[in-house]
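For reference, the structure discussed in these notes is given below.
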Amino acid sequence: MRKISLLMVGALMGAGAAVVATQSPLFTTSSAVAASAETYRQLNLFGDVFEKIRGDYVDVPDEAKLVESAINGMLASLDPHSSYMDAKSYRDMQVQTRGEFGGLGIEVTMEDGLVKVVSPIDDTPAARAGILANDLITHIDGEQVQGLTLNQAVDKMRGPVNTTVKLTIRRKGQNEPVEVTLTRDTIRIRAVRSRVEDDVGYIRVTQFNEQTFDNLKSAIEKIAAEVPADKLKGYVLDLRNNPGGLLDQAILVSDAFLDRGEIVSTRGRNADETQRFNAKPGDLTKGKPLVVLINGGSASASEIVAGALQDHKRATVIGTRSFGKGSVQTIIPLGSNGALRLTTARYYTPSGRSIQAKGIEPDREVLPDVPEELKGKDETKGEAGLRGHLKNGEEEASGSSAYVPTDPEKDTQLKAALELLRGGARKDAATSAEKPAVPN
């Protein structure tokens, strides 16, 4: 899921020299020497083209921009999630992971040269303006998006708080484009929202930033204080349309409901790069029944949580198939030149299932009740639908519905979760034969 917040620029720059400077062993095989020679021949070709552009292009080119574009092209050829961030973009990303930044509040990707909305963030200008998942942004302040990189488009949508930006949107099922004017705002992401549904604690995690686990812990404590333990039927953990975020927060959130066992493993190119993350004793909910809600907009960190709790039979997963972003991006600082976001590993659930381009299948599929005017517009393609995505090596699966009604009374997935908890979710999770058991 190449998801980039509107308020975060994922640009790339100046890492090339650092990468080229990485040393290989002095003594290599003849095939390795040949490969190295071919690589340097290609680099010489790049230098020749660069010099021709500098000397002969009709206008004087911006040389730094040429290099940045070359790096962006190199990274874009790898997968949809590797990218370069210049110094400003890197600072913006660091601000975002802290849970507060400025902009419109929308998660986007690039599709066929246009900016595609993955999901608006709750309680932001984008959400209030009625922007929907799968909307295609064709123009920004009247300027055509076609021809811009995703980072350039994102940068144009950013700006000072209280200034406006006009987006032209192409929406599936509508012949005429929609124009929406939004006022930029400071986006304070409430990573966790909670409430009591009579005898059930409802917790919605909207993303995994530095505030998530602390917010989750507070939510559980608040619910436990409101509802006596003998009356509390259990918890609903809502991860629908959660685009993911920080790996350490996904591990902490999973650990909040587990006493022991593996949560997730990451596997890189080499076997010695495999890392395993395990739960520590202490279930914050004291073993209360748990239902996890997912859909086509649940990606990355939210899939780690859903997969861990599903594999350990700790929760019943309800909803539709998740997005399928099962790759790890490592942020590599490049000094004053920003940082490199590089895909370095894949995620695996405790039972060894790969999330990549497959997602998490719910234990119980419950489709949302989609309004007539939105039918056919509510589905995401998922990771498997992204051009250049990492292959799984197994059968891949496309996305699913990402629609969540704003009115809980019309939320069929939430209703199914509440009914299950009130009718014995613990038994349902324990007896499910659809997923392999994992030793604790």
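Following the order of the structure tokens, chains are lettered A, B, ..., residues in each are numbered from 1, and ligands are numbered from 1.
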
May I have a table of the residues of stretch 273-335 of chain A lying at most 10 Å from stretch 188-203 of chain A, giving each one's closest pair of atoms and their distance in Å to one decimal, counting only C-alpha atoms, ordered by chain and ascending residue number, as JSON lines?
```
{"residue": "A:Pro289", "atom": "CA", "partner": "A:Val200", "partner_atom": "CA", "distance": 9.8}
{"residue": "A:Leu290", "atom": "CA", "partner": "A:Gly201", "partner_atom": "CA", "distance": 9.5}
{"residue": "A:Val291", "atom": "CA", "partner": "A:Tyr202", "partner_atom": "CA", "distance": 9.7}
{"residue": "A:Val292", "atom": "CA", "partner": "A:Ile203", "partner_atom": "CA", "distance": 9.7}
```

Print the selection's residues with N, CA and C atoms to a file, as an mmCIF file, in the first residue's frame.
```cif
data_model
loop_
_atom_site.group_PDB
_atom_site.id
_atom_site.type_symbol
_atom_site.label_atom_id
_atom_site.label_comp_id
_atom_site.auth_asym_id
_atom_site.auth_seq_id
_atom_site.Cartn_x
_atom_site.Cartn_y
_atom_site.Cartn_z
ATOM 1 N N PRO A 289 -13.257 -11.795 25.899
ATOM 2 C CA PRO A 289 -13.430 -12.118 24.480
ATOM 3 C C PRO A 289 -13.160 -10.894 23.589
ATOM 4 N N LEU A 290 -12.664 -11.179 22.405
ATOM 5 C CA LEU A 290 -12.232 -10.105 21.515
ATOM 6 C C LEU A 290 -12.650 -10.403 20.077
ATOM 7 N N VAL A 291 -13.180 -9.388 19.401
ATOM 8 C CA VAL A 291 -13.470 -9.463 17.972
ATOM 9 C C VAL A 291 -12.688 -8.356 17.280
ATOM 10 N N VAL A 292 -12.023 -8.685 16.177
ATOM 11 C CA VAL A 292 -11.274 -7.705 15.388
ATOM 12 C C VAL A 292 -12.009 -7.489 14.070
#
```

Practice task
May I have all residues of stretch 186-393 of chain A that DSSP, computed from the backbone, assigns to strand (DSSP E or B), given as number ranges by chain?
Solution key: A: 186-188, 192-197, 200-205, 208, 234-238, 245, 262-267, 275-278, 290-294, 316-319, 327-333, 339-348, 354, 364-365, 379

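Residues lying within 7 Å of A:Tyr90, counting only C-alpha atoms and ignoring same-chain neighbours fewer than 4 positions away, are Met85, Asp86, Gln94, Gly338 and Ala339 of chain A.
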
Writer output for current selection, all heavy atoms, as an mmCIF file, in the first residue's frame:
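Written file, out-v3.cif:
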```cif
data_model
loop_
_atom_site.group_PDB
_atom_site.id
_atom_site.type_symbol
_atom_site.label_atom_id
_atom_site.label_comp_id
_atom_site.auth_asym_id
_atom_site.auth_seq_id
_atom_site.Cartn_x
_atom_site.Cartn_y
_atom_site.Cartn_z
ATOM 1 N N MET A 85 13.064 10.590 0.350
ATOM 2 C CA MET A 85 12.547 11.789 1.006
ATOM 3 C C MET A 85 13.659 12.816 1.113
ATOM 4 O O MET A 85 14.721 12.506 1.684
ATOM 5 C CB MET A 85 12.027 11.437 2.418
ATOM 6 C CG MET A 85 10.825 10.523 2.428
ATOM 7 S SD MET A 85 10.349 10.020 4.115
ATOM 8 C CE MET A 85 11.586 8.752 4.411
ATOM 9 N N ASP A 86 13.416 13.996 0.569
ATOM 10 C CA ASP A 86 14.399 15.048 0.784
ATOM 11 C C ASP A 86 14.313 15.483 2.251
ATOM 12 O O ASP A 86 13.502 14.965 3.021
ATOM 13 C CB ASP A 86 14.203 16.210 -0.187
ATOM 14 C CG ASP A 86 12.851 16.897 -0.033
ATOM 15 O OD1 ASP A 86 12.189 16.716 1.012
ATOM 16 O OD2 ASP A 86 12.448 17.618 -0.971
ATOM 17 N N GLN A 94 8.629 12.540 10.092
ATOM 18 C CA GLN A 94 8.875 12.407 11.521
ATOM 19 C C GLN A 94 7.769 13.078 12.338
ATOM 20 O O GLN A 94 7.333 12.555 13.363
ATOM 21 C CB GLN A 94 10.239 13.017 11.871
ATOM 22 C CG GLN A 94 11.411 12.211 11.331
ATOM 23 C CD GLN A 94 12.733 12.919 11.531
ATOM 24 O OE1 GLN A 94 12.897 14.093 11.182
ATOM 25 N NE2 GLN A 94 13.690 12.239 12.126
ATOM 26 N N GLY A 338 18.264 14.110 3.639
ATOM 27 C CA GLY A 338 16.973 13.477 3.852
ATOM 28 C C GLY A 338 17.106 12.025 4.244
ATOM 29 O O GLY A 338 17.940 11.653 5.059
ATOM 30 N N ALA A 339 16.300 11.164 3.628
ATOM 31 C CA ALA A 339 16.298 9.754 4.000
ATOM 32 C C ALA A 339 15.772 8.900 2.859
ATOM 33 O O ALA A 339 15.048 9.361 1.980
ATOM 34 C CB ALA A 339 15.445 9.532 5.253
#
```

Exercise for the section: Please identify which residues in stretch 37-146 of chain A DSSP calls helix (DSSP H, G or I) from the backbone, and express them as a PyMOL selection string. Expected result: chain A and resi 37-56+63-76+87-97+125-128

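Counting only C-alpha atoms and comparing A:Phe101, A:Arg240, A:Thr406, A:Gly261, the residue that lies closest to A:Arg184 is A:Phe101.
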
Practice task
Could you tell me how far atom CA of A:Phe50 lies from atom CA of A:Ala70, in Å and to one decimal?
Solution key: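 Atom CA of A:Ala70 lies at a distance of 9.9 Å from atom CA of A:Phe50.
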
Practice task
Would you mind reading off the distance between atom CA of A:Thr266 and atom CA of A:Ala301, one decimal, in Å?
Solution key: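 Atom CA of A:Ala301 lies 12.3 Å from atom CA of A:Thr266.
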
Please build the interface table for stretch 153-201 of chain A against stretch 351-373 of chain A with a cut-off of 12 Å, listing for each qualifying residue the nearest atom pair and the distance in Å to one decimal; count only C-alpha atoms, order rows by chain and increasing number, and write it as CSV.
```
residue,atom,partner,partner_atom,distance
A:Arg171,CA,A:Glu373,CA,11.3
A:Lys172,CA,A:Glu373,CA,10.2
A:Gly173,CA,A:Glu373,CA,8.4
A:Gln174,CA,A:Glu373,CA,9.9
```

Problem - Close residues, A:Phe208 itself excluded, 9 Å, only C-alpha atoms, min 6 positions apart in chain, as a list of chain:residue names - result: A:Thr97, A:Gly99, A:Ala191, A:Asn242, A:Pro243, A:Gly244, A:Gly245, A:Leu246, A:Leu247, A:Asp248, A:Gln249, A:Ala250, A:Ala301, A:Ser302

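The gap separating atom CA of A:Ala384 from atom CA of A:Ser398 is 5.5 Å, in Å to one decimal.
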
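Using only C-alpha atoms, the smallest distance between any of A:Val161, A:Val117, A:Gln211, A:Tyr40 and A:Gln96 comes from A:Gln211.
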
Exercise for the section: Rank A:Thr212, A:Thr109, A:Thr164, A:Asn278 by their smallest atom-to-atom distance to A:Glu383, using only C-alpha atoms, and report the top residue only. Expected result: A:Thr109

Practice task
Please provide the set of residues having any atom within 8 Å of A:Thr149, restricted to only C-alpha atoms, with same-chain residues fewer than 3 positions apart removed, written as a ChimeraX atom specification.
Solution key: /A:113,152-153
